[in-house]
Amino acid sequence: MANPGGGAVCNGTLHNHKNPSHGSQSGNGTKNGIMKEAQQNGKPHFYEDLIVESFEEAPLHVLVFTYMGYGIGTLFGYFRDFLRNWGIEKCNAAVEREEQKDFVPLYQDFENFYTRNLYMRIRDNWNRPICSAPGPHFDVVERVSDDYNWTFRFTGRIIKDVINMGSYNFLGLAVKYNESMKTIKDVLETYGSGVASTRHEMGTLDKHKELEDLMAKFLNVEAAMVFGMGFATNSMNIPALVGKGCLILSDELNHTSIVLGARLSGATIRPFKHNNIEDLEKLLREAIIYGQPRTRRAWKKILILVEGIYSMEGSIVNLPQIVALKKKYKAYLYMDEAHSIGALGPTGRGVREFFGMNPDDVDVYMGTFTKSFGSSGGYIAGKKELVDYLRVHSHSAVYATSMSPPIAEQIIRSLKLIMGLDGTTQGLQRIQQLAKNTKYFREKLKELGFIIYGNDKSPVVPVLLYMPSKVAAFARHMLERKIGVVVVGFPATPLAEARARFCISAAHTQEMLDTVLEALDEMGDLLHLKYSRHRKSARPVLNDEMSFELDD
């Protein structure tokens, strides 16, 4: 994942920052083998940017101290377990009852070692209760612990107007009720709050059909199907597409929902290095040459699983080259656009539009409505034959309750806004604002000297913290400054790559971003977090424009 010498990944190959450009190939508007021509609003356009993503490696001493921190924490953990076993220290963790000691253990003692001894020390930084809409500001319910984070009690105090840098509210559509949401209120009065049935029985409403038709139009595909839960959209539909005798090639950093769906399918799973085209082609070539293990029969299907934007890395899938490999080796491509739909592309249509590619280049489009659309649920889209097949065979369609009508209406409302069908340009302005905010925030972080991961166009911005002690201190100090952040560590990330994950929104103003950047500058000096070797200035000048706010 990290590259020696602080380089950048460009089309799956390590390149030096001093030489980011390469000679274009002749003819047809290509660069590094990527076709740039596409159709947008009836006119061809060309995608001019290289796929350059930063994965700068930390200095050696930082990695040494990070591993030392985990090592010392582990030693103290074993010592405290010894004290608990002898009754010297009270054990607050779940334990087996004495009369069941001869049974197969219900609680895995060793597997819970990390949770019990390391995570519990910094548990207060997660699952904080919110008591407002997740807009650019939110309100946090204050809580304290009297037993070292084993339990919490509420103080009755509300921390008001905390800047929200953690929610996936990319287009700023997750807000409290206003008059533009009147259609949602009308749907609630007409249909009620729930469906109480599956899609196969009495759970298909005209609102669902309206949403599916609108989503298919938005993605420029033949058909779409919506589901009530985004996680289940992956985990319950991948098993319907592949099974025993099929091969899944999955990016090593794919989301847990994709991993679960792949495992449930019964297919053979082979991960490939993140966004690494050479590694993917090697696996594809071997799959074609050798076939299935032992029998050497050809695979029934080969399915490539990728994401649009990877939520922990902020990187964007190298779609053009993956599509080229898919076509070359006659494989299928399944793309999860949970974080990229609505957030990438000139009109918010995701990675496919971002690269200016044909809708038919991807076999299965998957996405969720929980990020850019300010709602919940997910969708599968593509050819009509694919969607019709899933309507019959998907576990989510057969067993899961249908999407709530007000939720469906919120998605319809968001889609119409993004597509301009509401008669305004608010949707386009929000997409452009998100891109502007993302560029500004990422540039300033680099100037401050932080190591950040991912693509410069990605609104998911991971800032590397590394040491577990600094993860806790960072989140606590930021909340004291009324800034809400998400911090992530092992096992959600590699052991030595703990990070803070910032999510940029179109609703963020320049003043908000500058406030966050000033706090980050202070925290970077206080906790010594400015590890980058490519630091440009000690005190970058923040944007002096009055505001980044959307026009009315």
# chains A, B, ... in the order shown; residues from 1 in each chain; ligands from 1
$ select_by_dssp --residues "range 273-426 of chain A" --states "strand (DSSP E)" --output "mmCIF file with C-alpha atoms, in the first residue's frame"
data_model
loop_
_atom_site.group_PDB
_atom_site.id
_atom_site.type_symbol
_atom_site.label_atom_id
_atom_site.label_comp_id
_atom_site.auth_asym_id
_atom_site.auth_seq_id
_atom_site.Cartn_x
_atom_site.Cartn_y
_atom_site.Cartn_z
ATOM 1 C CA ILE A 302 -14.724 -14.695 -13.716
ATOM 2 C CA LEU A 303 -16.021 -11.670 -11.793
ATOM 3 C CA ILE A 304 -13.827 -8.668 -10.947
ATOM 4 C CA LEU A 305 -14.961 -6.787 -7.821
ATOM 5 C CA VAL A 306 -13.861 -3.168 -7.318
ATOM 6 C CA GLU A 307 -15.038 0.038 -5.662
ATOM 7 C CA TYR A 332 -17.296 -9.538 -15.825
ATOM 8 C CA LEU A 333 -16.904 -6.305 -13.849
ATOM 9 C CA TYR A 334 -18.862 -5.450 -10.687
ATOM 10 C CA MET A 335 -18.293 -1.895 -9.402
ATOM 11 C CA ASP A 336 -19.420 -0.597 -6.008
ATOM 12 C CA VAL A 364 -22.901 -4.514 -12.785
ATOM 13 C CA TYR A 365 -23.294 -1.079 -11.210
ATOM 14 C CA MET A 366 -23.855 -1.075 -7.469
ATOM 15 C CA GLY A 367 -24.253 1.923 -5.229
ATOM 16 C CA THR A 368 -25.883 3.211 -2.073
ATOM 17 C CA GLY A 378 -28.811 0.689 -2.316
ATOM 18 C CA TYR A 379 -29.226 -0.222 -5.984
ATOM 19 C CA ILE A 380 -28.030 -2.625 -8.648
ATOM 20 C CA ALA A 381 -28.116 -1.395 -12.252
ATOM 21 C CA GLY A 382 -27.103 -2.582 -15.703
#
$ closest_atom_pairs --of "range 235-348 of chain A" --to "range 449-453 of chain A" --cutoff "10 Å" --atoms "only C-alpha atoms" --output "CSV"
residue,atom,partner,partner_atom,distance
A:Met312,CA,A:Tyr453,CA,8.9
A:Glu313,CA,A:Tyr453,CA,5.8
A:Gly314,CA,A:Tyr453,CA,6.2
A:Ser315,CA,A:Tyr453,CA,7.3
$ write_last_selection --atoms "all heavy atoms" --output "PDB file, in the first residue's frame"
ATOM      1  N   MET A 312     -11.435   3.916   2.857  1.00  0.00           N
ATOM      2  CA  MET A 312     -10.345   4.059   3.824  1.00  0.00           C
ATOM      3  C   MET A 312      -9.104   4.693   3.210  1.00  0.00           C
ATOM      4  O   MET A 312      -8.249   5.210   3.916  1.00  0.00           O
ATOM      5  CB  MET A 312      -9.969   2.690   4.410  1.00  0.00           C
ATOM      6  CG  MET A 312     -10.982   2.143   5.391  1.00  0.00           C
ATOM      7  SD  MET A 312     -11.118   3.169   6.860  1.00  0.00           S
ATOM      8  CE  MET A 312     -12.494   2.359   7.668  1.00  0.00           C
ATOM      9  N   GLU A 313      -8.984   4.633   1.887  1.00  0.00           N
ATOM     10  CA  GLU A 313      -7.784   5.136   1.221  1.00  0.00           C
ATOM     11  C   GLU A 313      -8.028   6.436   0.474  1.00  0.00           C
ATOM     12  O   GLU A 313      -7.068   7.161   0.168  1.00  0.00           O
ATOM     13  CB  GLU A 313      -7.256   4.098   0.222  1.00  0.00           C
ATOM     14  CG  GLU A 313      -7.096   2.703   0.789  1.00  0.00           C
ATOM     15  CD  GLU A 313      -6.161   2.671   1.972  1.00  0.00           C
ATOM     16  OE1 GLU A 313      -5.053   3.214   1.864  1.00  0.00           O
ATOM     17  OE2 GLU A 313      -6.541   2.094   3.002  1.00  0.00           O
ATOM     18  N   GLY A 314      -9.275   6.740   0.118  1.00  0.00           N
ATOM     19  CA  GLY A 314      -9.557   7.918  -0.685  1.00  0.00           C
ATOM     20  C   GLY A 314      -9.075   7.784  -2.110  1.00  0.00           C
ATOM     21  O   GLY A 314      -8.969   8.782  -2.838  1.00  0.00           O
ATOM     22  N   SER A 315      -8.776   6.561  -2.549  1.00  0.00           N
ATOM     23  CA  SER A 315      -8.291   6.350  -3.911  1.00  0.00           C
ATOM     24  C   SER A 315      -9.442   6.025  -4.851  1.00  0.00           C
ATOM     25  O   SER A 315     -10.501   5.564  -4.418  1.00  0.00           O
ATOM     26  CB  SER A 315      -7.254   5.219  -3.943  1.00  0.00           C
ATOM     27  OG  SER A 315      -7.801   4.024  -3.426  1.00  0.00           O
TER      28      SER A 315
END
$ atom_distance --atom1 "CA of Leu325 in chain A" --atom2 "CA of Asn275 in chain A"
12.6 Å
$ closest_atom_pairs --of "range 184-292 of chain A" --to "range 404-413 of chain A" --cutoff "6 Å" --atoms "only C-alpha atoms" --output "Markdown table"
| residue | atom | partner | partner_atom | distance |
| --- | --- | --- | --- | --- |
| A:Ile184 | CA | A:Pro406 | CA | 5.4 |
| A:Val187 | CA | A:Pro406 | CA | 5.9 |
| A:Leu188 | CA | A:Pro406 | CA | 5.6 |
| A:Gly194 | CA | A:Ser404 | CA | 4.9 |
| A:Leu211 | CA | A:Ile412 | CA | 5.8 |
$ closest_residue --among "A:Met403, A:Val52, A:Leu284, A:Leu513" --to "Lys209 in chain A" --atoms "only C-alpha atoms"
A:Met403
$ closest_residue --among "A:Leu464, A:Glu281, A:Arg476, A:Thr424" --to "Ala498 in chain A" --atoms "only C-alpha atoms"
A:Leu464
$ select_by_dssp --residues "range 98-217 of chain A" --states "helix (DSSP H, G or I)" --output "PyMOL selection string"
chain A and resi 98-100+113-117+119-125+179-191+206-217
$ residues_around --residues "Leu264 in chain A" --least-positions-apart "2" --cutoff "8 Å" --atoms "only C-alpha atoms" --output "PyMOL selection string"
chain A and resi 235+239+260-262+266
$ residues_around --residues "Gly524 in chain A" --least-positions-apart "6" --cutoff "12 Å" --atoms "only C-alpha atoms" --output "MDAnalysis selection string"
chainID A and resid 445 448:451 463:465 470 473:474 477:478 516:518 530:532 538:539
$ residues_around --residues "range 256-259 of chain A" --least-positions-apart "4" --cutoff "7 Å" --atoms "only C-alpha atoms" --output "PyMOL selection string"
chain A and resi 231+234-235+263
$ write_last_selection --atoms "C-alpha atoms" --output "compact mmCIF listing (two decimals), in the first residue's frame"
# COMPACT_ATOMS: atom_id res chain seq x y z
CA PHE A 231 -24.68 -3.32 3.00
CA ASN A 234 -23.54 -6.24 -1.87
CA SER A 235 -23.64 -9.14 0.55
CA ARG A 263 -17.54 -15.54 0.82
$ residues_around --residues "Ser132 in chain A" --least-positions-apart "6" --cutoff "9 Å" --atoms "only C-alpha atoms" --output "number ranges by chain"
A: 138-140, 175-176
$ atom_distance --atom1 "CA of Ser469 in chain A" --atom2 "CA of His274 in chain A"
27.8 Å
$ residues_around --residues "His200 in chain A" --least-positions-apart "5" --cutoff "9 Å" --atoms "only C-alpha atoms" --output "list in words"
Arg391, Val392, Ala397, Val398 and Tyr399 of chain A
$ atom_distance --atom1 "CA of Tyr107 in chain A" --atom2 "CA of Cys91 in chain A"
13.8 Å
$ decode --residues "range 232-245 of chain A" --atoms "all heavy atoms" --output "tab-separated table (two decimals), in the first residue's frame"
chain	number	residue	atom	x	y	z
A	232	ALA	N	-26.49	-4.86	2.53
A	232	ALA	CA	-27.08	-6.09	2.00
A	232	ALA	C	-27.13	-6.09	0.48
A	232	ALA	O	-27.22	-7.16	-0.14
A	232	ALA	CB	-28.48	-6.29	2.57
A	233	THR	N	-27.08	-4.92	-0.14
A	233	THR	CA	-27.07	-4.87	-1.61
A	233	THR	C	-25.87	-5.61	-2.16
A	233	THR	O	-25.96	-6.32	-3.17
A	233	THR	CB	-27.07	-3.40	-2.09
A	233	THR	OG1	-28.18	-2.71	-1.52
A	233	THR	CG2	-27.16	-3.34	-3.60
A	234	ASN	N	-24.72	-5.47	-1.48
A	234	ASN	CA	-23.54	-6.24	-1.87
A	234	ASN	C	-23.60	-7.67	-1.37
A	234	ASN	O	-23.47	-8.63	-2.13
A	234	ASN	CB	-22.27	-5.57	-1.33
A	234	ASN	CG	-21.71	-4.52	-2.26
A	234	ASN	OD1	-21.86	-4.60	-3.47
A	234	ASN	ND2	-21.06	-3.52	-1.70
A	235	SER	N	-23.79	-7.82	-0.07
A	235	SER	CA	-23.64	-9.14	0.55
A	235	SER	C	-24.70	-10.14	0.10
A	235	SER	O	-24.47	-11.35	0.13
A	235	SER	CB	-23.65	-9.01	2.08
A	235	SER	OG	-24.86	-8.44	2.52
A	236	MET	N	-25.86	-9.66	-0.33
A	236	MET	CA	-26.93	-10.57	-0.73
A	236	MET	C	-27.07	-10.72	-2.25
A	236	MET	O	-27.78	-11.62	-2.70
A	236	MET	CB	-28.26	-10.10	-0.15
A	236	MET	CG	-28.36	-10.17	1.37
A	236	MET	SD	-28.38	-11.87	1.99
A	236	MET	CE	-26.68	-12.06	2.54
A	237	ASN	N	-26.44	-9.87	-3.02
A	237	ASN	CA	-26.58	-9.96	-4.48
A	237	ASN	C	-25.38	-10.61	-5.16
A	237	ASN	O	-25.54	-11.26	-6.21
A	237	ASN	CB	-26.82	-8.58	-5.09
A	237	ASN	CG	-28.24	-8.10	-4.89
A	237	ASN	OD1	-29.18	-8.69	-5.42
A	237	ASN	ND2	-28.41	-7.05	-4.09
A	238	ILE	N	-24.19	-10.46	-4.60
A	238	ILE	CA	-23.03	-11.15	-5.17
A	238	ILE	C	-23.23	-12.67	-5.18
A	238	ILE	O	-22.93	-13.32	-6.19
A	238	ILE	CB	-21.74	-10.75	-4.41
A	238	ILE	CG1	-21.42	-9.27	-4.68
A	238	ILE	CG2	-20.56	-11.63	-4.85
A	238	ILE	CD1	-20.25	-8.74	-3.88
A	239	PRO	N	-23.80	-13.28	-4.10
A	239	PRO	CA	-24.05	-14.73	-4.16
A	239	PRO	C	-25.06	-15.14	-5.22
A	239	PRO	O	-25.08	-16.30	-5.64
A	239	PRO	CB	-24.58	-15.04	-2.74
A	239	PRO	CG	-24.05	-13.96	-1.88
A	239	PRO	CD	-24.04	-12.74	-2.74
A	240	ALA	N	-25.91	-14.19	-5.65
A	240	ALA	CA	-26.87	-14.52	-6.70
A	240	ALA	C	-26.23	-14.49	-8.09
A	240	ALA	O	-26.79	-15.04	-9.04
A	240	ALA	CB	-28.05	-13.53	-6.66
A	241	LEU	N	-25.05	-13.89	-8.20
A	241	LEU	CA	-24.40	-13.74	-9.50
A	241	LEU	C	-23.34	-14.80	-9.76
A	241	LEU	O	-23.08	-15.15	-10.91
A	241	LEU	CB	-23.77	-12.35	-9.61
A	241	LEU	CG	-24.75	-11.16	-9.57
A	241	LEU	CD1	-23.98	-9.85	-9.52
A	241	LEU	CD2	-25.67	-11.19	-10.77
A	242	VAL	N	-22.69	-15.27	-8.71
A	242	VAL	CA	-21.63	-16.28	-8.86
A	242	VAL	C	-21.81	-17.36	-7.81
A	242	VAL	O	-22.48	-17.16	-6.79
A	242	VAL	CB	-20.22	-15.65	-8.72
A	242	VAL	CG1	-19.89	-14.79	-9.91
A	242	VAL	CG2	-20.11	-14.85	-7.43
A	243	GLY	N	-21.21	-18.51	-8.05
A	243	GLY	CA	-21.29	-19.62	-7.11
A	243	GLY	C	-20.13	-20.57	-7.30
A	243	GLY	O	-19.07	-20.20	-7.83
A	244	LYS	N	-20.31	-21.79	-6.90
A	244	LYS	CA	-19.26	-22.80	-7.01
A	244	LYS	C	-18.86	-22.98	-8.48
A	244	LYS	O	-19.70	-23.04	-9.37
A	244	LYS	CB	-19.76	-24.13	-6.44
A	244	LYS	CG	-18.69	-25.19	-6.33
A	244	LYS	CD	-19.22	-26.44	-5.66
A	244	LYS	CE	-18.12	-27.50	-5.54
A	244	LYS	NZ	-18.62	-28.73	-4.88
A	245	GLY	N	-17.57	-23.05	-8.72
A	245	GLY	CA	-17.06	-23.16	-10.08
A	245	GLY	C	-16.79	-21.83	-10.73
A	245	GLY	O	-16.31	-21.77	-11.87
